[in-house]
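A.B. asks: What follows is target-v7.txt; its format and atoms are compact mmCIF, C-alpha atoms and all ligand atoms.
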```txt
# COMPACT_ATOMS: atom_id res chain seq x y z
CA MET R 1 111.14 97.56 116.55
CA MET R 2 108.70 94.65 116.77
CA ALA R 3 109.66 91.28 115.31
CA PRO R 4 108.12 90.54 111.90
CA LEU R 5 104.75 88.79 112.05
CA SER R 6 105.07 85.12 111.27
CA PRO R 7 102.76 83.31 108.86
CA GLY R 8 99.52 82.43 110.62
CA SER R 9 99.33 85.87 112.27
CA ARG R 10 96.11 87.83 111.94
CA ILE R 11 95.83 90.94 109.77
CA GLY R 12 92.84 93.16 110.53
CA ILE R 13 91.52 95.55 107.88
CA LEU R 14 88.98 98.31 108.40
CA GLY R 15 86.83 98.78 105.32
CA GLY R 16 85.21 96.24 103.06
CA GLY R 17 85.55 97.60 99.52
CA GLN R 18 87.63 96.22 96.66
CA LEU R 19 90.87 97.51 98.18
CA GLY R 20 90.13 95.61 101.39
CA ALA R 21 89.26 92.54 99.32
CA MET R 22 92.55 92.64 97.42
CA LEU R 23 94.51 93.27 100.64
CA ALA R 24 92.80 90.26 102.22
CA GLY R 25 93.68 88.16 99.16
CA ALA R 26 97.34 89.20 99.38
CA ALA R 27 97.46 88.46 103.12
CA SER R 28 96.04 84.97 102.55
CA GLU R 29 98.62 84.31 99.81
CA MET R 30 101.31 85.10 102.37
CA GLY R 31 99.93 82.64 104.90
CA PHE R 32 98.22 85.19 107.14
CA GLU R 33 94.63 85.16 108.34
CA SER R 34 92.70 88.16 107.11
CA HIS R 35 89.93 89.69 109.21
CA ILE R 36 87.68 92.44 107.84
CA TYR R 37 85.62 94.97 109.81
CA ALA R 38 83.12 97.02 107.80
CA PRO R 39 79.65 98.46 108.36
CA GLU R 40 78.08 97.47 105.00
CA SER R 41 76.63 93.95 104.91
CA ASN R 42 77.35 93.47 101.19
CA SER R 43 81.05 94.41 101.47
CA PRO R 44 83.08 92.75 98.66
CA ALA R 45 85.95 92.06 101.09
CA PHE R 46 83.75 89.76 103.20
CA GLN R 47 83.91 87.23 100.36
CA ARG R 48 87.70 87.01 100.59
CA SER R 49 88.40 86.97 104.30
CA GLY R 50 88.28 84.25 106.91
CA THR R 51 86.52 86.37 109.50
CA SER R 52 84.34 89.39 108.95
CA ILE R 53 82.54 91.67 111.37
CA CYS R 54 79.71 93.81 110.07
CA LYS R 55 79.34 96.64 112.61
CA PRO R 56 79.62 100.44 112.58
CA TYR R 57 83.06 101.92 113.36
CA GLU R 58 81.42 103.85 116.19
CA ASP R 59 80.46 100.58 117.97
CA LEU R 60 83.46 100.84 120.28
CA GLU R 61 82.89 97.52 122.02
CA SER R 62 82.82 95.54 118.78
CA LEU R 63 85.75 97.50 117.40
CA ALA R 64 87.81 96.85 120.54
CA ARG R 65 87.02 93.11 120.34
CA PHE R 66 88.11 93.15 116.71
CA ALA R 67 91.32 95.01 117.57
CA GLU R 68 92.14 92.46 120.29
CA SER R 69 91.55 89.58 117.90
CA VAL R 70 94.23 90.67 115.37
CA ASP R 71 98.01 91.20 115.45
CA VAL R 72 98.09 94.35 113.34
CA LEU R 73 95.37 96.67 112.08
CA SER R 74 95.27 98.54 108.77
CA TYR R 75 92.62 100.31 106.69
CA GLU R 76 91.60 100.51 103.07
CA PHE R 77 90.09 104.02 102.94
CA GLU R 78 91.16 107.39 104.30
CA ASN R 79 87.91 108.47 105.90
CA VAL R 80 88.04 105.99 108.77
CA PRO R 81 86.68 107.98 111.75
CA ILE R 82 89.58 108.96 114.01
CA GLU R 83 87.90 108.92 117.43
CA PRO R 84 87.12 105.16 117.40
CA LEU R 85 90.73 104.53 116.37
CA ARG R 86 92.00 106.49 119.37
CA HIS R 87 89.88 104.19 121.51
CA ILE R 88 91.68 101.09 120.24
CA GLU R 89 95.20 102.33 119.55
CA ARG R 90 96.53 100.87 122.78
CA LEU R 91 95.12 97.44 121.91
CA VAL R 92 96.83 96.83 118.58
CA PRO R 93 99.46 98.45 116.35
CA ILE R 94 97.70 100.53 113.68
CA ARG R 95 99.69 100.80 110.44
CA PRO R 96 99.84 103.26 108.77
CA GLY R 97 99.29 105.33 111.91
CA ILE R 98 96.51 107.68 112.88
CA SER R 99 98.56 110.79 112.00
CA ALA R 100 98.64 109.78 108.31
CA LEU R 101 94.84 109.58 108.37
CA GLU R 102 94.49 112.93 110.13
CA THR R 103 96.74 114.51 107.53
CA ALA R 104 94.94 113.07 104.52
CA GLN R 105 91.39 113.62 105.81
CA ASP R 106 91.68 117.40 105.79
CA ARG R 107 92.98 119.17 102.69
CA LEU R 108 94.25 122.15 104.68
CA ILE R 109 96.23 120.02 107.13
CA GLU R 110 97.49 117.99 104.17
CA LYS R 111 98.69 121.05 102.26
CA ARG R 112 100.39 122.58 105.29
CA PHE R 113 102.11 119.27 105.90
CA LEU R 114 103.26 119.07 102.26
CA GLN R 115 104.62 122.63 102.52
CA LYS R 116 106.58 121.58 105.61
CA VAL R 117 108.03 118.60 103.75
CA GLY R 118 109.11 121.04 101.06
CA VAL R 119 107.46 119.39 98.05
CA PRO R 120 106.02 121.64 95.32
CA LEU R 121 102.26 122.22 95.32
CA ALA R 122 99.75 124.71 93.91
CA GLN R 123 99.22 127.94 95.85
CA PHE R 124 96.29 127.72 98.25
CA CYS R 125 94.28 129.66 100.85
CA ALA R 126 92.07 128.52 103.72
CA VAL R 127 88.44 129.60 103.21
CA GLU R 128 86.01 129.73 106.14
CA SER R 129 83.34 132.04 104.70
CA SER R 130 82.08 133.71 101.52
CA ASP R 131 84.07 136.84 102.47
CA ASP R 132 87.24 134.76 102.81
CA LEU R 133 86.52 133.37 99.37
CA VAL R 134 86.32 136.82 97.77
CA ALA R 135 89.66 137.79 99.35
CA SER R 136 91.28 134.47 98.38
CA VAL R 137 90.13 134.74 94.76
CA GLN R 138 91.77 138.18 94.63
CA GLU R 139 94.98 136.65 95.95
CA LEU R 140 95.10 133.57 93.69
CA GLY R 141 93.31 134.93 90.61
CA LEU R 142 90.89 133.14 88.29
CA PRO R 143 90.45 130.37 87.37
CA CYS R 144 90.83 128.59 90.68
CA VAL R 145 89.34 125.56 92.41
CA LEU R 146 87.32 125.62 95.62
CA LYS R 147 87.37 122.31 97.53
CA THR R 148 85.81 121.23 100.82
CA ARG R 149 88.50 120.41 103.34
CA ARG R 150 86.93 117.04 104.14
CA PHE R 151 85.12 114.19 102.38
CA GLY R 152 85.87 115.13 98.76
CA TYR R 153 86.58 112.35 96.25
CA ASP R 154 86.27 111.70 92.51
CA GLY R 155 85.66 115.42 91.90
CA LYS R 156 82.88 115.63 94.50
CA GLY R 157 83.03 118.55 96.94
CA GLN R 158 84.77 120.91 94.54
CA ILE R 159 83.91 123.69 92.09
CA ILE R 160 86.06 125.37 89.46
CA LEU R 161 85.65 129.13 89.58
CA ARG R 162 86.20 130.51 86.11
CA SER R 163 84.71 134.00 86.28
CA THR R 164 83.79 136.53 88.97
CA SER R 165 80.12 135.55 88.60
CA ASP R 166 81.00 132.05 89.90
CA VAL R 167 82.32 133.45 93.21
CA PRO R 168 79.29 134.69 95.22
CA ASN R 169 77.44 131.36 95.45
CA ALA R 170 80.35 128.92 95.47
CA PHE R 171 80.96 128.67 99.22
CA GLU R 172 77.28 128.02 99.97
CA ALA R 173 77.07 125.57 97.04
CA LEU R 174 79.62 123.43 98.89
CA GLY R 175 77.41 123.42 101.96
CA GLY R 176 79.09 126.33 103.78
CA ASN R 177 81.78 123.89 104.95
CA PRO R 178 85.41 124.89 105.59
CA CYS R 179 87.25 124.84 102.27
CA VAL R 180 90.57 125.45 100.62
CA LEU R 181 90.95 127.49 97.46
CA GLU R 182 93.63 126.27 95.07
CA ALA R 183 95.21 128.02 92.13
CA PHE R 184 94.12 126.30 88.92
CA VAL R 185 96.91 124.12 87.54
CA PRO R 186 97.02 124.06 83.72
CA PHE R 187 98.37 120.53 83.73
CA PHE R 188 99.00 118.39 80.66
CA ALA R 189 99.29 115.15 82.64
CA GLU R 190 98.07 113.61 85.89
CA THR R 191 100.31 110.99 87.38
CA SER R 192 100.90 109.08 90.57
CA VAL R 193 103.59 107.27 92.48
CA ILE R 194 102.83 104.23 94.62
CA ALA R 195 105.42 104.16 97.38
CA ALA R 196 105.92 101.90 100.38
CA ARG R 197 107.85 102.24 103.61
CA GLY R 198 108.67 99.32 105.88
CA MET R 199 108.94 99.19 109.65
CA ASP R 200 112.73 99.44 109.36
CA GLY R 201 112.44 102.68 107.35
CA GLN R 202 113.26 101.01 104.04
CA VAL R 203 111.42 102.76 101.18
CA ALA R 204 110.50 101.28 97.79
CA SER R 205 108.59 103.05 95.03
CA TYR R 206 107.02 101.82 91.83
CA GLU R 207 107.67 103.89 88.72
CA MET R 208 105.36 106.86 88.26
CA ALA R 209 102.41 106.04 86.00
CA LEU R 210 100.19 108.22 83.80
CA ASN R 211 96.53 108.55 84.83
CA HIS R 212 93.58 109.48 82.67
CA HIS R 213 90.25 110.45 84.26
CA GLU R 214 86.77 110.48 82.74
CA ASN R 215 83.92 112.24 84.58
CA HIS R 216 86.39 112.81 87.46
CA ILE R 217 86.87 109.04 87.90
CA LEU R 218 90.14 107.28 87.11
CA LYS R 219 89.71 105.46 83.80
CA THR R 220 93.19 104.29 82.85
CA THR R 221 96.67 104.10 84.34
CA ARG R 222 99.53 103.58 81.92
CA LEU R 223 103.08 102.46 82.52
CA PRO R 224 105.50 103.65 81.28
CA SER R 225 104.16 107.15 81.59
CA GLY R 226 106.16 108.54 78.67
CA LEU R 227 107.29 111.44 80.88
CA PRO R 228 110.96 112.47 81.02
CA SER R 229 113.14 110.53 83.42
CA GLY R 230 114.05 113.70 85.37
CA ILE R 231 110.47 114.15 86.43
CA LEU R 232 110.12 110.49 87.39
CA THR R 233 113.09 110.89 89.72
CA GLU R 234 111.71 114.14 91.14
CA ALA R 235 108.35 112.49 91.86
CA THR R 236 110.02 109.53 93.55
CA VAL R 237 112.19 111.78 95.74
CA ALA R 238 109.14 113.87 96.75
CA SER R 239 107.06 110.76 97.50
CA GLU R 240 109.73 109.18 99.64
CA ALA R 241 110.19 112.44 101.61
CA ILE R 242 106.44 112.47 102.33
CA LEU R 243 106.53 108.92 103.70
CA ARG R 244 109.58 109.62 105.84
CA HIS R 245 108.10 112.79 107.36
CA LEU R 246 104.99 110.85 108.41
CA ASP R 247 107.10 108.00 109.79
CA TYR R 248 104.77 106.02 107.56
CA VAL R 249 104.47 102.25 107.43
CA GLY R 250 102.59 100.77 104.45
CA VAL R 251 101.73 101.73 100.87
CA MET R 252 100.70 105.25 99.91
CA GLY R 253 99.41 106.74 96.63
CA ILE R 254 100.79 110.21 95.84
CA GLU R 255 99.02 112.07 93.03
CA PHE R 256 100.76 114.72 90.95
CA PHE R 257 99.93 117.28 88.27
CA VAL R 258 102.47 117.86 85.52
CA SER R 259 102.24 121.35 84.00
CA GLY R 260 104.48 123.39 81.72
CA THR R 261 105.45 121.55 78.55
CA PRO R 262 106.63 117.99 77.91
CA GLU R 263 110.08 119.49 77.21
CA GLN R 264 110.06 121.58 80.40
CA PRO R 265 107.66 119.90 82.79
CA THR R 266 106.84 121.14 86.29
CA LEU R 267 105.68 118.76 88.96
CA LEU R 268 103.14 119.64 91.69
CA VAL R 269 101.76 117.30 94.35
CA ASN R 270 97.95 117.16 94.19
CA GLU R 271 97.08 114.93 97.13
CA ILE R 272 98.11 111.87 99.09
CA ALA R 273 96.11 108.72 99.86
CA PRO R 274 97.38 106.79 102.90
CA ARG R 275 96.46 103.38 101.50
CA VAL R 276 96.75 101.18 98.46
CA HIS R 277 95.53 103.13 95.45
CA ASN R 278 93.48 102.53 92.31
CA SER R 279 96.35 103.82 90.16
CA GLY R 280 98.52 101.04 91.62
CA HIS R 281 96.36 98.17 90.34
CA TRP R 282 98.71 97.76 87.37
CA THR R 283 101.26 96.28 89.79
CA GLN R 284 99.19 93.08 90.04
CA ASP R 285 100.30 92.11 86.53
CA GLY R 286 103.33 94.33 85.95
CA ALA R 287 105.47 93.77 89.05
CA LEU R 288 106.64 90.74 90.96
CA ILE R 289 105.36 92.08 94.28
CA ASP R 290 102.12 94.01 93.78
CA GLN R 291 100.99 96.96 95.91
CA PHE R 292 98.67 94.75 98.00
CA GLU R 293 101.39 92.31 98.98
CA GLN R 294 103.77 95.25 99.44
CA HIS R 295 101.37 96.83 101.93
CA ILE R 296 100.95 93.59 103.88
CA ARG R 297 104.73 93.07 103.85
CA ALA R 298 105.24 96.59 105.23
CA ILE R 299 102.68 96.39 108.05
CA ALA R 300 103.84 92.87 108.98
CA GLY R 301 107.48 93.96 109.23
CA TRP R 302 108.59 91.84 106.28
CA PRO R 303 111.22 92.99 103.75
CA LEU R 304 109.70 95.04 100.92
CA GLY R 305 109.68 93.99 97.28
CA ASP R 306 111.81 96.29 95.14
CA GLY R 307 109.02 97.80 93.02
CA LYS R 308 110.63 97.16 89.61
CA HIS R 309 108.15 96.36 86.85
CA HIS R 310 108.69 93.41 84.54
CA SER R 311 106.05 94.37 81.95
CA ASN R 312 104.39 97.44 80.54
CA VAL R 313 100.73 97.69 81.56
CA VAL R 314 97.59 99.63 80.77
CA MET R 315 95.10 99.31 83.63
CA THR R 316 91.52 100.15 82.68
CA ASN R 317 88.83 100.52 85.31
CA LEU R 318 85.56 98.75 84.56
CA ILE R 319 82.99 101.32 85.62
CA GLY R 320 79.24 100.62 85.69
CA GLU R 321 78.16 98.72 82.60
CA ASP R 322 81.78 98.38 81.30
CA MET R 323 81.72 95.15 83.25
CA ASP R 324 79.18 93.63 80.86
CA GLY R 325 82.11 93.20 78.44
CA TRP R 326 83.90 90.78 80.79
CA HIS R 327 83.70 87.84 78.38
CA GLY R 328 85.38 89.64 75.49
CA LEU R 329 87.99 91.15 77.82
CA ALA R 330 88.80 87.75 79.28
CA ALA R 331 89.32 86.40 75.73
CA ASP R 332 92.25 88.78 75.13
CA PRO R 333 95.40 86.74 75.81
CA CYS R 334 97.27 89.89 76.90
CA SER R 335 94.67 90.95 79.45
CA ARG R 336 93.82 89.86 82.95
CA VAL R 337 90.38 90.74 84.29
CA HIS R 338 89.92 91.48 88.00
CA LEU R 339 86.30 91.68 89.18
CA TYR R 340 85.22 92.78 92.64
CA GLY R 341 82.12 90.63 93.18
CA LYS R 342 79.84 93.65 93.56
CA GLY R 343 76.28 92.57 92.94
CA GLU R 344 74.76 95.55 91.21
CA SER R 345 76.45 97.68 88.56
CA ARG R 346 75.54 101.36 88.80
CA PRO R 347 76.82 104.29 86.73
CA GLY R 348 80.12 105.50 88.21
CA ARG R 349 80.58 102.38 90.37
CA LYS R 350 83.95 100.66 90.09
CA MET R 351 83.11 97.02 89.30
CA GLY R 352 86.54 95.71 88.38
CA HIS R 353 89.60 96.48 86.28
CA VAL R 354 91.56 94.90 83.48
CA ASN R 355 95.33 94.91 83.11
CA THR R 356 96.56 94.68 79.54
CA VAL R 357 100.20 93.71 79.48
CA SER R 358 102.95 94.03 76.87
CA ALA R 359 106.63 93.12 76.96
CA LYS R 360 109.05 95.77 78.17
CA PRO R 361 111.36 96.61 75.25
P1 LIG E 401 91.11 115.96 93.63
O1 LIG E 401 89.88 115.40 94.28
O2 LIG E 401 91.74 117.07 94.38
O3 LIG E 401 92.09 114.90 93.22
O4 LIG E 401 90.59 116.59 92.25
C1 LIG E 401 89.91 115.83 91.27
C2 LIG E 401 90.32 116.27 89.88
O5 LIG E 401 89.99 117.65 89.67
C3 LIG E 401 91.81 116.17 89.63
O6 LIG E 401 92.15 114.86 89.25
C4 LIG E 401 91.98 117.19 88.51
O7 LIG E 401 91.59 116.64 87.26
C5 LIG E 401 91.01 118.29 88.88
N1 LIG E 401 91.67 119.30 89.72
C6 LIG E 401 91.78 119.29 91.07
N2 LIG E 401 92.49 120.33 91.53
C7 LIG E 401 92.85 121.04 90.46
C8 LIG E 401 93.61 122.23 90.28
N3 LIG E 401 94.12 122.92 91.32
N4 LIG E 401 93.81 122.68 89.02
C9 LIG E 401 93.31 122.01 87.96
N5 LIG E 401 92.56 120.88 88.06
C10 LIG E 401 92.33 120.39 89.29
```
Written as structure tokens, that's how I'd like the structure from this file.
C.D. replies:
Amino acid sequence: MMAPLSPGSRIGILGGGQLGAMLAGAASEMGFESHIYAPESNSPAFQRSGTSICKPYEDLESLARFAESVDVLSYEFENVPIEPLRHIERLVPIRPGISALETAQDRLIEKRFLQKVGVPLAQFCAVESSDDLVASVQELGLPCVLKTRRFGYDGKGQIILRSTSDVPNAFEALGGNPCVLEAFVPFFAETSVIAARGMDGQVASYEMALNHHENHILKTTRLPSGLPSGILTEATVASEAILRHLDYVGVMGIEFFVSGTPEQPTLLVNEIAPRVHNSGHWTQDGALIDQFEQHIRAIAGWPLGDGKHHSNVVMTNLIGEDMDGWHGLAADPCSRVHLYGKGESRPGRKMGHVNTVSAKP
């Protein structure tokens, strides 16, 4: 195992969104230099890093120079193109590794991996054509959810099939791309665990939080979740098994559905995100070591924080014009406002978040 990176070392991050910005901030707080590589010139993370390179990921020469200029490389989004990473993997340690990205970028690979780990998930079928879809709907029954294998997020790239009349056009409506069909989960709660694994194999998880979505976009994350302790333990055990099987280093978000009844809940893994996660933003004001520092600690070979929370938190995303209320939000003595420095607010765009904190009883 490599020695831990000492302060002053250089942390490279691919991707310039708010997650990259908050990772860069955490790295600076720990005495590291943060270097960002992203293709968009107005990337929020450029404002918070010492060095930034604005080039496409496919510019292999620039990417290789970037890789050689840092001591470890990480990423803030799961759709980093794999081929350019293969080109630079001999130049710098990439944490989490490429295999975590390959797993999370393709829903079919992800689900087969989760089956292998042995965690519970909804029944699914691979769908390569409209004919496959007809057969798969017969197998899983209606309702069910058709999702593109790649590039789906915030409800994009998926269709709920409720009746037989929804079936004939669904595959083409998703562009004729390879898909998976999932059984519909009649969940009463959506939750997530933010878990971290260090270079020494140490694992630390934050407590599972309750997520509420509006228009398919995360609106609030609440801790405590109010769910029974048995299910919190089950989610933590499942999450930690996922990290171990990937030989993962860094922070991961694992999303779950909870179905059944609050008295007899059943947990199913929905998907994994091999990066810091929006539903982990509560940790900035509810835990001593937040998910951003935890990720930097992990990839730098430092000891992990323990993940305990010291306060209860409701994290609310500021989406589009929600941000206009920043002044009133900042006036609440129990709230801390985090804004991303994005110039233009558009409907559906995450502009910031606010953590409202209360004492743990
Ligand atoms: P995903 O992109 O897979 O996280 O899906 C986005 C949202 O669609 C989820 O947060 C759920 O609200 C809903 N959804 C996805 N898959 C299913 C499913 N199999 N059953 C019921 N709802 C689902």
A.B. asks: Given the point (107.2, 95.9, 102.8) in the file's coordinates, find the residues that have an atom at most 9 Å from it, counting only C-alpha atoms, and give them as a list in words.
C.D. replies: Ala196, Arg197, Gly198, Met199, Gln202, Val203, Ala204, Val249, Gly250, Val251, Glu293, Gln294, His295, Ile296, Arg297, Ala298, Ile299, Ala300, Gly301, Trp302, Pro303, Leu304, Gly305 and Asp306 of chain R
A.B. asks: Take every atom of ligand LIG 401 (chain E) listed in the file, pad by 3 Å on each side, and give me the axis-aligned box centre and edge lengths in Å, one decimal, as AutoDock Vina command-line options.
C.D. replies:
```
--center_x 92.0 --center_y 118.9 --center_z 90.8 --size_x 10.2 --size_y 14.1 --size_z 13.1
```
A.B. asks: At a cut-off of 10 Å, can you tabulate as CSV every residue of chain R near ligand LIG 401 (chain E) together with its closest atom pair and the distance in Å to one decimal, using all atoms listed in the file and ordering rows by chain then number?
C.D. replies:
```
residue,atom,partner,partner_atom,distance
R:Arg107,CA,E:LIG401,O2,8.7
R:Leu121,CA,E:LIG401,N3,9.1
R:Ala122,CA,E:LIG401,N3,6.5
R:Gln123,CA,E:LIG401,N3,8.5
R:Phe124,CA,E:LIG401,N3,8.7
R:Pro143,CA,E:LIG401,N4,8.6
R:Cys144,CA,E:LIG401,N3,6.6
R:Val145,CA,E:LIG401,N3,5.6
R:Leu146,CA,E:LIG401,N2,8.5
R:Lys147,CA,E:LIG401,O2,7.5
R:Thr148,CA,E:LIG401,O1,9.7
R:Phe151,CA,E:LIG401,O1,9.5
R:Gly152,CA,E:LIG401,O1,6.0
R:Tyr153,CA,E:LIG401,O1,4.9
R:Asp154,CA,E:LIG401,O1,5.5
R:Gly155,CA,E:LIG401,C1,4.3
R:Lys156,CA,E:LIG401,O1,7.0
R:Gly157,CA,E:LIG401,O1,8.0
R:Gln158,CA,E:LIG401,O1,7.5
R:Ile159,CA,E:LIG401,O5,8.9
R:Ile160,CA,E:LIG401,C10,8.0
R:Leu181,CA,E:LIG401,N3,8.3
R:Glu182,CA,E:LIG401,N3,5.1
R:Ala183,CA,E:LIG401,N3,5.3
R:Phe184,CA,E:LIG401,N4,3.6
R:Val185,CA,E:LIG401,N4,3.7
R:Pro186,CA,E:LIG401,C9,6.0
R:Phe187,CA,E:LIG401,C9,6.8
R:Phe188,CA,E:LIG401,C9,9.9
R:Ala189,CA,E:LIG401,O7,9.1
R:Glu190,CA,E:LIG401,O6,6.9
R:Thr191,CA,E:LIG401,O6,9.2
R:Asn211,CA,E:LIG401,O6,8.9
R:His212,CA,E:LIG401,O6,8.6
R:His213,CA,E:LIG401,O6,6.9
R:Glu214,CA,E:LIG401,O7,9.0
R:Asn215,CA,E:LIG401,C2,9.2
R:His216,CA,E:LIG401,C2,5.8
R:Ile217,CA,E:LIG401,O6,8.0
R:Leu218,CA,E:LIG401,O6,8.1
R:Glu255,CA,E:LIG401,O3,7.5
R:Phe256,CA,E:LIG401,O6,8.8
R:Phe257,CA,E:LIG401,C4,8.0
R:Ser259,CA,E:LIG401,C9,9.8
R:Leu268,CA,E:LIG401,N3,9.6
R:Val269,CA,E:LIG401,N3,10.0
R:Asn270,CA,E:LIG401,O2,6.2
R:Glu271,CA,E:LIG401,O3,6.3
R:Ile272,CA,E:LIG401,O3,8.9
R:Ala273,CA,E:LIG401,O3,9.9
```
A.B. asks: Counting only C-alpha atoms, which of R:Val119, R:Met30, R:Val72, R:Val167 gets nearest to Ala235 of chain R?
C.D. replies: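 Nearest candidate to Ala235 of chain R out of R:Val119, R:Met30, R:Val72, R:Val167: R:Val119.
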A.B. asks: For a test of reading the model, state the distance in Å between atom CA of Lys219 of chain R and atom CA of Thr316 of chain R, rounded to one decimal.
C.D. replies: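 These atoms are spaced 5.7 Å apart.
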A.B. asks: Neighbouring residues of Glu89 of chain R were defined as those with any atom within 12 Å, considering only C-alpha atoms; residues of the same chain fewer than 6 positions away were excluded. Please report them as a PyMOL selection string.
C.D. replies: chain R and resi 60+63-64+66-68+72-74+82-83+95-99
A.B. asks: I want to know what sits within 8 Å of Asp285 of chain R, based on only C-alpha atoms, with residues of the same chain fewer than 2 positions away left out; could you give that as a list in words?
C.D. replies: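 Selected residues are Trp282, Thr283, Ala287, Leu288, Asp290, Ser311, Val313, Arg336, Asn355 and Val357 of chain R.
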A.B. asks: What would the file look like if the residues just selected were written as a tab-separated table (two decimals), keeping the file's coordinate frame with C-alpha atoms?
C.D. replies:
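Written output follows (out_2.tsv):
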```tsv
chain	number	residue	atom	x	y	z
R	282	TRP	CA	98.71	97.76	87.37
R	283	THR	CA	101.26	96.28	89.79
R	287	ALA	CA	105.47	93.77	89.05
R	288	LEU	CA	106.64	90.74	90.96
R	290	ASP	CA	102.12	94.01	93.78
R	311	SER	CA	106.05	94.37	81.95
R	313	VAL	CA	100.73	97.69	81.56
R	336	ARG	CA	93.82	89.86	82.95
R	355	ASN	CA	95.33	94.91	83.11
R	357	VAL	CA	100.20	93.71	79.48
```
A.B. asks: Interatomic distance between atom CA of Ala38 of chain R and atom CA of Ala21 of chain R?
C.D. replies: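 Value for the atom CA of Ala38 of chain R-atom CA of Ala21 of chain R distance: 11.4 Å.
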A.B. asks: In terms of the shortest atom-to-atom distance over all atoms listed in the file, which of R:Tyr75, R:Pro7, R:Tyr37, R:Ala170 is closest to Phe292 of chain R?
C.D. replies: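 Ranked by minimum distance to Phe292 of chain R, first place goes to R:Tyr75.
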